[in-house]
Amino acid sequence: MDFRTLRSAFSLGWVNAAIPPALLLILILGIGSAAPGFLTQETLLLLLANTAVLFILAAGVTGVILVGGIDLSIQAIASLSSVILAQLVPQIGIMAFPAAILAGVVFGVLSGLVHVRLKVPSFVATLATGGVVAGIALWAADGRAITIEASGRVFTGWINGSFAGLPVVVWIAAVLGAALYLVMRYTPFGRYSLAIGAGEPAAIAAGINVDRTKIIAFAISGGLAAIAGVVLAARLSSGSPTLANQLLLPAIAAVIVGGTAITGGLGGIGRTAVGALIISIVRMGMTFIGVNIFAENVVFGAVLILAVAITIDRSKIAVIK
Amino acid sequence: MLTANGICKSFAGVPALKNVSVEIRPNEVVGLIGENGAGKSTLMRVLAGTHQPDGGALLLDGKPLRLRHAADAAAQGIGMVFQEQSLLLNLSVAENIYLGQEDQFLRFGIVNWKAMHAAARRQLAKIGVDIDVRARASELTFAARQMVELAKALTLEETVSRPLVILLDEPTSVLGAGDIKVLFDRVRALKSRASFVFVSHRLDEVLEISDRVYTMKDGEVVAEHRADAITGPELHEIMVGRGLQASYYKEDRQHPPRDDIIVDARKISHAGHFSQVDLQIRAGEILGIAGVVGSGREEVTRAIGGFLPHDSGTLSIRGERVRFRSPQDAVRRGIGYVPRERRVEGLVMFLSIAENITLADLSAVTRRGAISHGRERRLALDWIRRLRIKAPGPEIACRKLSGGNQQKVVLARWMTAGSRILILDHPTRGLDVGAKEEVYELVRELSGDGVAILLISDTLEETIGLSHRVMVMRDGEVTAHFDAPAGAKPDQVDLVRAMV
């Protein structure tokens with residue numbers, strides 16, 4: 001089977017939608033039969049807990065990809081929010097959480113404004129705001145990691161606990177995922193996002209407020225990136241301006257591997273959940289087989305290229321830029 | 001020399017060319033006329049190798065000719081000067097002329113610019129025009145660009161050892177009278193070395209330059225004449241085909257409009273596109289705008305739709321002064337735009353019928369801010385039944401529908417949004433006869449309900465047949481008004497006089 005027939009098989013909608021869950025199942029069962037210790041409650045819970053941060057990041061960027069854009073600033077925003085949390089929690093306690101998350105929303109809105117008002121392509125806009133945010137984080141933390149001392153851990157410790165048998169981070173990811181799913185399915189914003197991603201000129205002609213919809217998508221992406229950073233900082237009891245630096249590639253890979261089209265308009269949060277689990281399992285699998293931890297992003301980069309190459313329908317796109 | 005035999009070509013099931021046969025003889029200018037959508041451009045693209053026919057054959061000197069792409073045609077000496085100008089504006093004249101043929105100027109992998117400029121100068125000398133070959137294409141006038149395109153087509157003389165066939169697809173549409181004369185002089189001078197196919201919908205020009213004229217209609221060649229044996233009006237009659245048929249445009253259902261003025265534009269202008277346009281549409285009235293390409297009628301409709309804000313004058317909707325900054329403002333005022341580019345601006349092709357119907361106004365299917373998918377489905381089913389949309393169900397993606405059914409979805413959307421003003425921008429483009437009739441029926445029904453309608457259309461016949469009144473535009477200004485009541489429609493010839 002050559003590449004083209006493979007791709008034409010993928011172009012059937014339902015095949016496309018069914019592949020990621022099938023892949024996930026095969027991975028779980030495959031690793032489970034190879035390493036019997038894998039299919040225990042303990043390991044699976046660890047898998048879910050390890051996926052939580054990646055999923056929160058990926059869920060945010062899913063909304064931006066659905067409207068046809070991309071957000072490359074998420075890892076910088078996550079790092080900045082970890083720094084904000086670590087610095088503020090000793091002073092203002094629990095209020096450090098909303099402060100850190102608000103910073104993420106603000107920079108998301110800023111990216112959105114740069115994109116729609118100044119008409120800068122989203123990848124350039126977010127690459128640039130990402131640079132600005134990363135710089136602010138380095139500056140604020142003076143280039144160092146900030147440990148959250150015992151006085152601060154009083155307020156962050158709950159994130160490392162469990163509730164009703166599940167780690168709290170899994171609850172956070174699940175609640176955010178469910179909320180976003182409902183937003184995408186039941187609100188006009190969700191509908192407009194899909195319409196803009198699939199056909200922006202038609203969305204404009206139908207009278208949709210395209211600019212506002214895009215800015216909201218970027219705001220959500222920034223806010224979720226900040227939540228991911230906060231969760232990460234609480235788990236590690238430390239904030240750092242480079243904390244989330246290796247997470248951009250796996251997050252975008254999770255969205256695309258899950259089956260959301262990089263060109264926008266097709267996909268959703270459910271698919272990203274599956275994609276994040278696949279990426280997470282591959283990562284755990286690599287540790288099992290003994291792949292060097294530094295080689296991880298080599299694999300994710302390759303997976304991302306392959307996923308886009310076989311799923312994109314190039315017959316409808318004359319020029320790839 | 002070059003012959004097309006029984007060419008057939010369909011797009012998405014809609015036939016664009018039906019069994020078309022034409023012949024191009026040596027040293028001859030062949031004219032090709034027909035209304036928009038008659039198949040002229042498609043035929044040209046088949047001859048130029050950019051479209052492959054579904055049936056029939058091309059013959060060159062009696063031998064079968066298979067053209068897979070434009071380069072194949074070029075190798076046989078067939079060159080095309082495109083309708084939409086194809087020069088790359090950021091490149092120089094010389095670079096444009098030799099685009100894709102730079103190999104001959106390479107020395108050790110580096111382009112010898114001096115040689116290319118000299119060669120480009122020789123090409124321009126062939127047609128006797130004086131253009132700086134180092135100038136950027138963007139600095140040239142439209143007329144000069146057209147000459148460069150012609151020079152580009154003539155480079156085939158050096159690479160092909162047989163007489164050329166040059167296809168000119170509406171080359172005069174952007175030219176003024178003086179430039180047209182220059183172009184025609186060149187074509188006449190080059191006739192001894194090449195054959196030309198000349199497409200235009202300006203009949204007088206075609207008759208002036210051509211030796212023979214083919215007339216196309218609805219994808220077929222319906223007549224062939226020697227240019228000196230026929231007059232413009234005769235040709236026009238053949239081109240339009242049937243005379244005005246009252247029943248085709250449902251004239252029996254055309255009722256006088258109501259009294260209240262819904263759209264009232266006073267002296268609106270947009271620099272470079274239209275100026276001082278007055279326009280009133282009453283409830284239940286269909287106002288048609290006639291005009292050739294570049295008359296500004298497209299831009300006027302875009303202005304009313306909020307796409308191209310007017311920069312002076314006043315626009316009032318139901319007596320209230322408005323200024324649209326975007327289509328969103330217009331939609332909020334109850335204006336629905338039915339675009340010519342149905343697949344781009346009309347529908348989100350990957351969304352379902354139901355989702356497209358509610359796109360402009362979700363309020364009918366939302367409860368406490370949440371979309372009710374059940375209500376949305378029932379609403380869509382209702383429209384599918386009422387408008388006889390042929391589709392397996394409301395969840396089908398719009399890209400799977402035929403053009404006529406897609407157009408019904410667009411109309412259903414604006415009816416759902418309660419639009420009382422509709423802009424119909426070429427509403428029947430690309431539709432077959434049956435689908436057109438269904439659209440006409442819908443338009444009559446909407447007009448009967450008191451919807452104010454602004455219409456621009458591919459054919460004069462359709463504009464006159466549907467409208468209560470027709471306004472004629474030329475060069476961005478209104479040149480004439482015609483009343484078009486049922487049973488007493490104005491004559492096309494009178495409109496054409498105001499158009500050109």
# chains A, B, ... in the order shown; residues from 1 in each chain; ligands from 1
>>> interface_residues(of="chain A", to="chain B", cutoff="9 Å", atoms="only C-alpha atoms", output="list in words")
Val183, Arg185, Tyr186, Thr187, Pro188, Arg191, Tyr192, Leu194, Ala195, Ile196, Ala198, Gly199, Glu200, Pro201, Ala202, Ala203, Ile204, Ala205, Ala206, Gly207, Ile208, Asn209, Gly265 and Leu266 of chain A
>>> residues_around(residues="region 473-486 of chain B", least_positions_apart="5", cutoff="9 Å", atoms="only C-alpha atoms", output="ChimeraX atom specification")
/B:246,251-256,269,272-278,289-292,294-297,299-300,464-468,495,498-500
>>> residues_around(residues="Leu243 (chain A)", least_positions_apart="6", cutoff="10 Å", atoms="only C-alpha atoms", output="PyMOL selection string")
chain A and resi 75-76+78-83+145+229+232-233+236
>>> write_last_selection(atoms="N, CA, C and O atoms", output="short mmCIF file (atom, residue, chain, number, x, y, z; two decimals), in the first residue's frame")
data_model
loop_
_atom_site.label_atom_id
_atom_site.label_comp_id
_atom_site.auth_asym_id
_atom_site.auth_seq_id
_atom_site.Cartn_x
_atom_site.Cartn_y
_atom_site.Cartn_z
N GLN A 75 3.63 27.24 25.79
CA GLN A 75 4.63 26.78 26.76
C GLN A 75 5.22 27.97 27.53
O GLN A 75 5.48 27.86 28.73
N ALA A 76 5.36 29.10 26.86
CA ALA A 76 5.87 30.28 27.56
C ALA A 76 4.87 30.75 28.60
O ALA A 76 5.23 31.11 29.73
N ALA A 78 2.59 28.92 30.14
CA ALA A 78 2.57 27.95 31.23
C ALA A 78 3.75 28.20 32.18
O ALA A 78 3.61 28.19 33.40
N SER A 79 4.91 28.44 31.59
CA SER A 79 6.10 28.70 32.43
C SER A 79 5.91 29.97 33.25
O SER A 79 6.19 30.00 34.46
N LEU A 80 5.41 31.04 32.59
CA LEU A 80 5.20 32.30 33.31
C LEU A 80 4.24 32.11 34.47
O LEU A 80 4.47 32.61 35.58
N SER A 81 3.15 31.38 34.24
CA SER A 81 2.16 31.24 35.31
C SER A 81 2.74 30.43 36.47
O SER A 81 2.40 30.67 37.63
N SER A 82 3.66 29.50 36.17
CA SER A 82 4.30 28.75 37.27
C SER A 82 5.16 29.69 38.10
O SER A 82 5.20 29.59 39.34
N VAL A 83 5.82 30.62 37.43
CA VAL A 83 6.65 31.59 38.15
C VAL A 83 5.78 32.50 39.00
O VAL A 83 6.06 32.75 40.18
N ALA A 145 14.90 28.88 38.96
CA ALA A 145 13.70 28.20 39.45
C ALA A 145 13.39 28.72 40.85
O ALA A 145 14.30 29.01 41.62
N GLY A 229 0.32 25.39 33.67
CA GLY A 229 1.55 25.82 34.36
C GLY A 229 1.39 25.79 35.87
O GLY A 229 2.29 25.36 36.60
N LEU A 232 1.41 22.21 37.07
CA LEU A 232 2.77 21.70 37.00
C LEU A 232 3.61 22.22 38.17
O LEU A 232 4.33 21.45 38.82
N ALA A 233 3.47 23.52 38.46
CA ALA A 233 4.24 24.12 39.55
C ALA A 233 3.84 23.51 40.88
O ALA A 233 4.70 23.21 41.73
N LEU A 236 5.33 20.01 41.24
CA LEU A 236 6.77 19.98 41.43
C LEU A 236 7.22 20.86 42.59
O LEU A 236 8.41 20.92 42.89
#
>>> atom_distance(atom1="CA of Arg226 (chain B)", atom2="CA of Lys63 (chain B)")
26.0 Å
>>> atom_distance(atom1="CA of Ala177 (chain B)", atom2="CA of Ala144 (chain B)")
13.9 Å
>>> residues_around(residues="Leu54 (chain A)", least_positions_apart="4", cutoff="12 Å", atoms="only C-alpha atoms", output="JSON, numbers by chain")
{"A": [47, 48, 49, 50, 58, 59, 60, 61, 74, 75, 78, 169, 170, 173, 177, 224, 225, 227, 228, 229, 231, 232, 244, 246, 247, 248, 249, 250, 251, 252, 253, 254, 255, 272, 273, 274, 275, 276, 277, 278, 279, 280, 281, 283]}
>>> select_by_dssp(residues="region 68-316 of chain A", states="alpha helix (DSSP H)", output="ChimeraX atom specification")
/A:74-92,96-117,122-140,150-156,168-186,188-205,210-236,248-257,269-289,296-311
>>> residues_around(residues="region 87-94 of chain A", least_positions_apart="6", cutoff="10 Å", atoms="only C-alpha atoms", output="ChimeraX atom specification")
/A:81,100,140-141,146-156,238-239
>>> select_by_dssp(residues="region 44-256 of chain A", states="strand (DSSP E)", output="number ranges by chain")
A: 146-147, 162-163, 166-167, 238-239
>>> write_last_selection(atoms="C-alpha atoms", output="mmCIF file, in the first residue's frame")
data_model
loop_
_atom_site.group_PDB
_atom_site.id
_atom_site.type_symbol
_atom_site.label_atom_id
_atom_site.label_comp_id
_atom_site.auth_asym_id
_atom_site.auth_seq_id
_atom_site.Cartn_x
_atom_site.Cartn_y
_atom_site.Cartn_z
ATOM 1 C CA ILE A 146 11.700 29.335 42.508
ATOM 2 C CA THR A 147 10.941 26.678 45.088
ATOM 3 C CA SER A 162 -6.800 12.473 45.576
ATOM 4 C CA PHE A 163 -10.549 12.872 45.475
ATOM 5 C CA LEU A 166 -8.792 9.756 41.441
ATOM 6 C CA PRO A 167 -5.827 12.146 41.579
ATOM 7 C CA SER A 238 8.537 24.869 42.089
ATOM 8 C CA GLY A 239 8.044 27.504 39.424
#
>>> residues_around(residues="Ala103 (chain A)", least_positions_apart="5", cutoff="10 Å", atoms="only C-alpha atoms", output="MDAnalysis selection string")
chainID A and resid 77:78 80:81 84 98 108:109 133 222:223 226
>>> write_last_selection(atoms="all heavy atoms", output="JSON list (two decimals), in the first residue's frame")
[["chain", "number", "residue", "atom", "x", "y", "z"],
["A", 77, "ILE", "N", 3.56, 30.74, 28.23],
["A", 77, "ILE", "CA", 2.53, 31.17, 29.18],
["A", 77, "ILE", "C", 2.48, 30.22, 30.38],
["A", 77, "ILE", "O", 2.37, 30.66, 31.54],
["A", 77, "ILE", "CB", 1.16, 31.27, 28.48],
["A", 77, "ILE", "CG1", 1.18, 32.46, 27.50],
["A", 77, "ILE", "CG2", 0.03, 31.41, 29.49],
["A", 77, "ILE", "CD1", -0.11, 32.66, 26.74],
["A", 78, "ALA", "N", 2.59, 28.92, 30.14],
["A", 78, "ALA", "CA", 2.57, 27.95, 31.23],
["A", 78, "ALA", "C", 3.75, 28.20, 32.18],
["A", 78, "ALA", "O", 3.61, 28.19, 33.40],
["A", 78, "ALA", "CB", 2.60, 26.53, 30.68],
["A", 80, "LEU", "N", 5.41, 31.04, 32.59],
["A", 80, "LEU", "CA", 5.20, 32.30, 33.31],
["A", 80, "LEU", "C", 4.24, 32.11, 34.47],
["A", 80, "LEU", "O", 4.47, 32.61, 35.58],
["A", 80, "LEU", "CB", 4.67, 33.38, 32.36],
["A", 80, "LEU", "CG", 4.31, 34.71, 33.04],
["A", 80, "LEU", "CD1", 5.58, 35.39, 33.57],
["A", 80, "LEU", "CD2", 3.57, 35.64, 32.10],
["A", 81, "SER", "N", 3.15, 31.38, 34.24],
["A", 81, "SER", "CA", 2.16, 31.24, 35.31],
["A", 81, "SER", "C", 2.74, 30.43, 36.47],
["A", 81, "SER", "O", 2.40, 30.67, 37.63],
["A", 81, "SER", "CB", 0.87, 30.62, 34.77],
["A", 81, "SER", "OG", 0.99, 29.23, 34.66],
["A", 84, "ILE", "N", 4.67, 32.99, 38.41],
["A", 84, "ILE", "CA", 3.76, 33.87, 39.15],
["A", 84, "ILE", "C", 3.24, 33.17, 40.40],
["A", 84, "ILE", "O", 3.23, 33.73, 41.50],
["A", 84, "ILE", "CB", 2.59, 34.34, 38.25],
["A", 84, "ILE", "CG1", 3.13, 35.23, 37.12],
["A", 84, "ILE", "CG2", 1.53, 35.08, 39.07],
["A", 84, "ILE", "CD1", 2.07, 35.68, 36.14],
["A", 98, "PRO", "N", -5.82, 32.46, 40.89],
["A", 98, "PRO", "CA", -6.49, 33.29, 39.88],
["A", 98, "PRO", "C", -5.55, 34.32, 39.25],
["A", 98, "PRO", "O", -5.68, 34.63, 38.05],
["A", 98, "PRO", "CB", -7.62, 33.98, 40.65],
["A", 98, "PRO", "CG", -7.36, 33.72, 42.08],
["A", 98, "PRO", "CD", -6.52, 32.50, 42.17],
["A", 108, "GLY", "N", -3.23, 35.65, 26.20],
["A", 108, "GLY", "CA", -4.01, 35.03, 25.12],
["A", 108, "GLY", "C", -4.78, 36.08, 24.35],
["A", 108, "GLY", "O", -4.75, 36.11, 23.12],
["A", 109, "VAL", "N", -5.46, 36.98, 25.08],
["A", 109, "VAL", "CA", -6.22, 38.05, 24.43],
["A", 109, "VAL", "C", -5.27, 38.93, 23.61],
["A", 109, "VAL", "O", -5.58, 39.32, 22.48],
["A", 109, "VAL", "CB", -6.96, 38.91, 25.48],
["A", 109, "VAL", "CG1", -7.53, 40.17, 24.85],
["A", 109, "VAL", "CG2", -8.08, 38.10, 26.13],
["A", 133, "VAL", "N", 6.49, 36.77, 26.49],
["A", 133, "VAL", "CA", 6.10, 36.13, 27.75],
["A", 133, "VAL", "C", 7.27, 35.38, 28.36],
["A", 133, "VAL", "O", 7.53, 35.48, 29.58],
["A", 133, "VAL", "CB", 4.90, 35.17, 27.51],
["A", 133, "VAL", "CG1", 4.64, 34.32, 28.74],
["A", 133, "VAL", "CG2", 3.66, 35.97, 27.13],
["A", 222, "GLY", "N", -4.80, 30.71, 26.18],
["A", 222, "GLY", "CA", -3.88, 31.29, 27.16],
["A", 222, "GLY", "C", -4.26, 30.90, 28.58],
["A", 222, "GLY", "O", -3.40, 30.56, 29.41],
["A", 223, "GLY", "N", -5.57, 30.94, 28.88],
["A", 223, "GLY", "CA", -6.03, 30.60, 30.22],
["A", 223, "GLY", "C", -5.72, 29.15, 30.57],
["A", 223, "GLY", "O", -5.21, 28.86, 31.66],
["A", 226, "ALA", "N", -2.08, 28.63, 31.22],
["A", 226, "ALA", "CA", -1.72, 29.08, 32.56],
["A", 226, "ALA", "C", -2.13, 28.06, 33.62],
["A", 226, "ALA", "O", -1.39, 27.80, 34.58],
["A", 226, "ALA", "CB", -2.36, 30.44, 32.84]]
>>> decode(residues="region 197-213 of chain A", atoms="N, CA, C and O atoms", output="PDB file, in the first residue's frame")
ATOM      1  N   GLY A 197     -13.263  28.061  11.005  1.00  0.00           N
ATOM      2  CA  GLY A 197     -12.164  27.180  10.604  1.00  0.00           C
ATOM      3  C   GLY A 197     -12.425  26.501   9.281  1.00  0.00           C
ATOM      4  O   GLY A 197     -11.523  26.311   8.469  1.00  0.00           O
ATOM      5  N   ALA A 198     -13.684  26.139   9.020  1.00  0.00           N
ATOM      6  CA  ALA A 198     -13.994  25.401   7.797  1.00  0.00           C
ATOM      7  C   ALA A 198     -14.235  26.330   6.623  1.00  0.00           C
ATOM      8  O   ALA A 198     -14.089  25.931   5.468  1.00  0.00           O
ATOM      9  N   GLY A 199     -14.634  27.567   6.864  1.00  0.00           N
ATOM     10  CA  GLY A 199     -14.914  28.454   5.742  1.00  0.00           C
ATOM     11  C   GLY A 199     -15.082  29.884   6.198  1.00  0.00           C
ATOM     12  O   GLY A 199     -16.202  30.378   6.342  1.00  0.00           O
ATOM     13  N   GLU A 200     -13.958  30.560   6.417  1.00  0.00           N
ATOM     14  CA  GLU A 200     -14.027  31.897   6.985  1.00  0.00           C
ATOM     15  C   GLU A 200     -14.813  32.895   6.119  1.00  0.00           C
ATOM     16  O   GLU A 200     -15.613  33.670   6.655  1.00  0.00           O
ATOM     17  N   PRO A 201     -14.628  32.895   4.770  1.00  0.00           N
ATOM     18  CA  PRO A 201     -15.399  33.863   3.977  1.00  0.00           C
ATOM     19  C   PRO A 201     -16.914  33.683   4.149  1.00  0.00           C
ATOM     20  O   PRO A 201     -17.657  34.664   4.228  1.00  0.00           O
ATOM     21  N   ALA A 202     -17.357  32.428   4.217  1.00  0.00           N
ATOM     22  CA  ALA A 202     -18.785  32.179   4.396  1.00  0.00           C
ATOM     23  C   ALA A 202     -19.239  32.624   5.782  1.00  0.00           C
ATOM     24  O   ALA A 202     -20.342  33.141   5.952  1.00  0.00           O
ATOM     25  N   ALA A 203     -18.379  32.427   6.773  1.00  0.00           N
ATOM     26  CA  ALA A 203     -18.718  32.860   8.130  1.00  0.00           C
ATOM     27  C   ALA A 203     -18.850  34.380   8.184  1.00  0.00           C
ATOM     28  O   ALA A 203     -19.762  34.912   8.815  1.00  0.00           O
ATOM     29  N   ILE A 204     -17.954  35.080   7.500  1.00  0.00           N
ATOM     30  CA  ILE A 204     -18.032  36.546   7.457  1.00  0.00           C
ATOM     31  C   ILE A 204     -19.330  36.975   6.790  1.00  0.00           C
ATOM     32  O   ILE A 204     -20.071  37.823   7.298  1.00  0.00           O
ATOM     33  N   ALA A 205     -19.636  36.349   5.641  1.00  0.00           N
ATOM     34  CA  ALA A 205     -20.835  36.733   4.890  1.00  0.00           C
ATOM     35  C   ALA A 205     -22.107  36.430   5.678  1.00  0.00           C
ATOM     36  O   ALA A 205     -23.129  37.070   5.478  1.00  0.00           O
ATOM     37  N   ALA A 206     -22.049  35.426   6.572  1.00  0.00           N
ATOM     38  CA  ALA A 206     -23.232  35.104   7.374  1.00  0.00           C
ATOM     39  C   ALA A 206     -23.382  36.071   8.545  1.00  0.00           C
ATOM     40  O   ALA A 206     -24.309  35.940   9.337  1.00  0.00           O
ATOM     41  N   GLY A 207     -22.460  37.014   8.680  1.00  0.00           N
ATOM     42  CA  GLY A 207     -22.595  38.020   9.720  1.00  0.00           C
ATOM     43  C   GLY A 207     -22.013  37.622  11.069  1.00  0.00           C
ATOM     44  O   GLY A 207     -22.292  38.253  12.076  1.00  0.00           O
ATOM     45  N   ILE A 208     -21.190  36.571  11.079  1.00  0.00           N
ATOM     46  CA  ILE A 208     -20.576  36.142  12.336  1.00  0.00           C
ATOM     47  C   ILE A 208     -19.475  37.123  12.728  1.00  0.00           C
ATOM     48  O   ILE A 208     -18.739  37.610  11.876  1.00  0.00           O
ATOM     49  N   ASN A 209     -19.359  37.407  14.026  1.00  0.00           N
ATOM     50  CA  ASN A 209     -18.282  38.263  14.513  1.00  0.00           C
ATOM     51  C   ASN A 209     -17.008  37.424  14.602  1.00  0.00           C
ATOM     52  O   ASN A 209     -16.708  36.824  15.625  1.00  0.00           O
ATOM     53  N   VAL A 210     -16.306  37.365  13.483  1.00  0.00           N
ATOM     54  CA  VAL A 210     -15.145  36.486  13.363  1.00  0.00           C
ATOM     55  C   VAL A 210     -14.033  36.913  14.318  1.00  0.00           C
ATOM     56  O   VAL A 210     -13.426  36.080  14.999  1.00  0.00           O
ATOM     57  N   ASP A 211     -13.783  38.225  14.402  1.00  0.00           N
ATOM     58  CA  ASP A 211     -12.692  38.719  15.251  1.00  0.00           C
ATOM     59  C   ASP A 211     -12.908  38.321  16.706  1.00  0.00           C
ATOM     60  O   ASP A 211     -12.011  37.823  17.377  1.00  0.00           O
ATOM     61  N   ARG A 212     -14.133  38.559  17.196  1.00  0.00           N
ATOM     62  CA  ARG A 212     -14.394  38.259  18.597  1.00  0.00           C
ATOM     63  C   ARG A 212     -14.232  36.765  18.862  1.00  0.00           C
ATOM     64  O   ARG A 212     -13.638  36.355  19.867  1.00  0.00           O
ATOM     65  N   THR A 213     -14.754  35.930  17.951  1.00  0.00           N
ATOM     66  CA  THR A 213     -14.650  34.485  18.138  1.00  0.00           C
ATOM     67  C   THR A 213     -13.187  34.059  18.232  1.00  0.00           C
ATOM     68  O   THR A 213     -12.811  33.255  19.090  1.00  0.00           O
TER      69      THR A 213
END
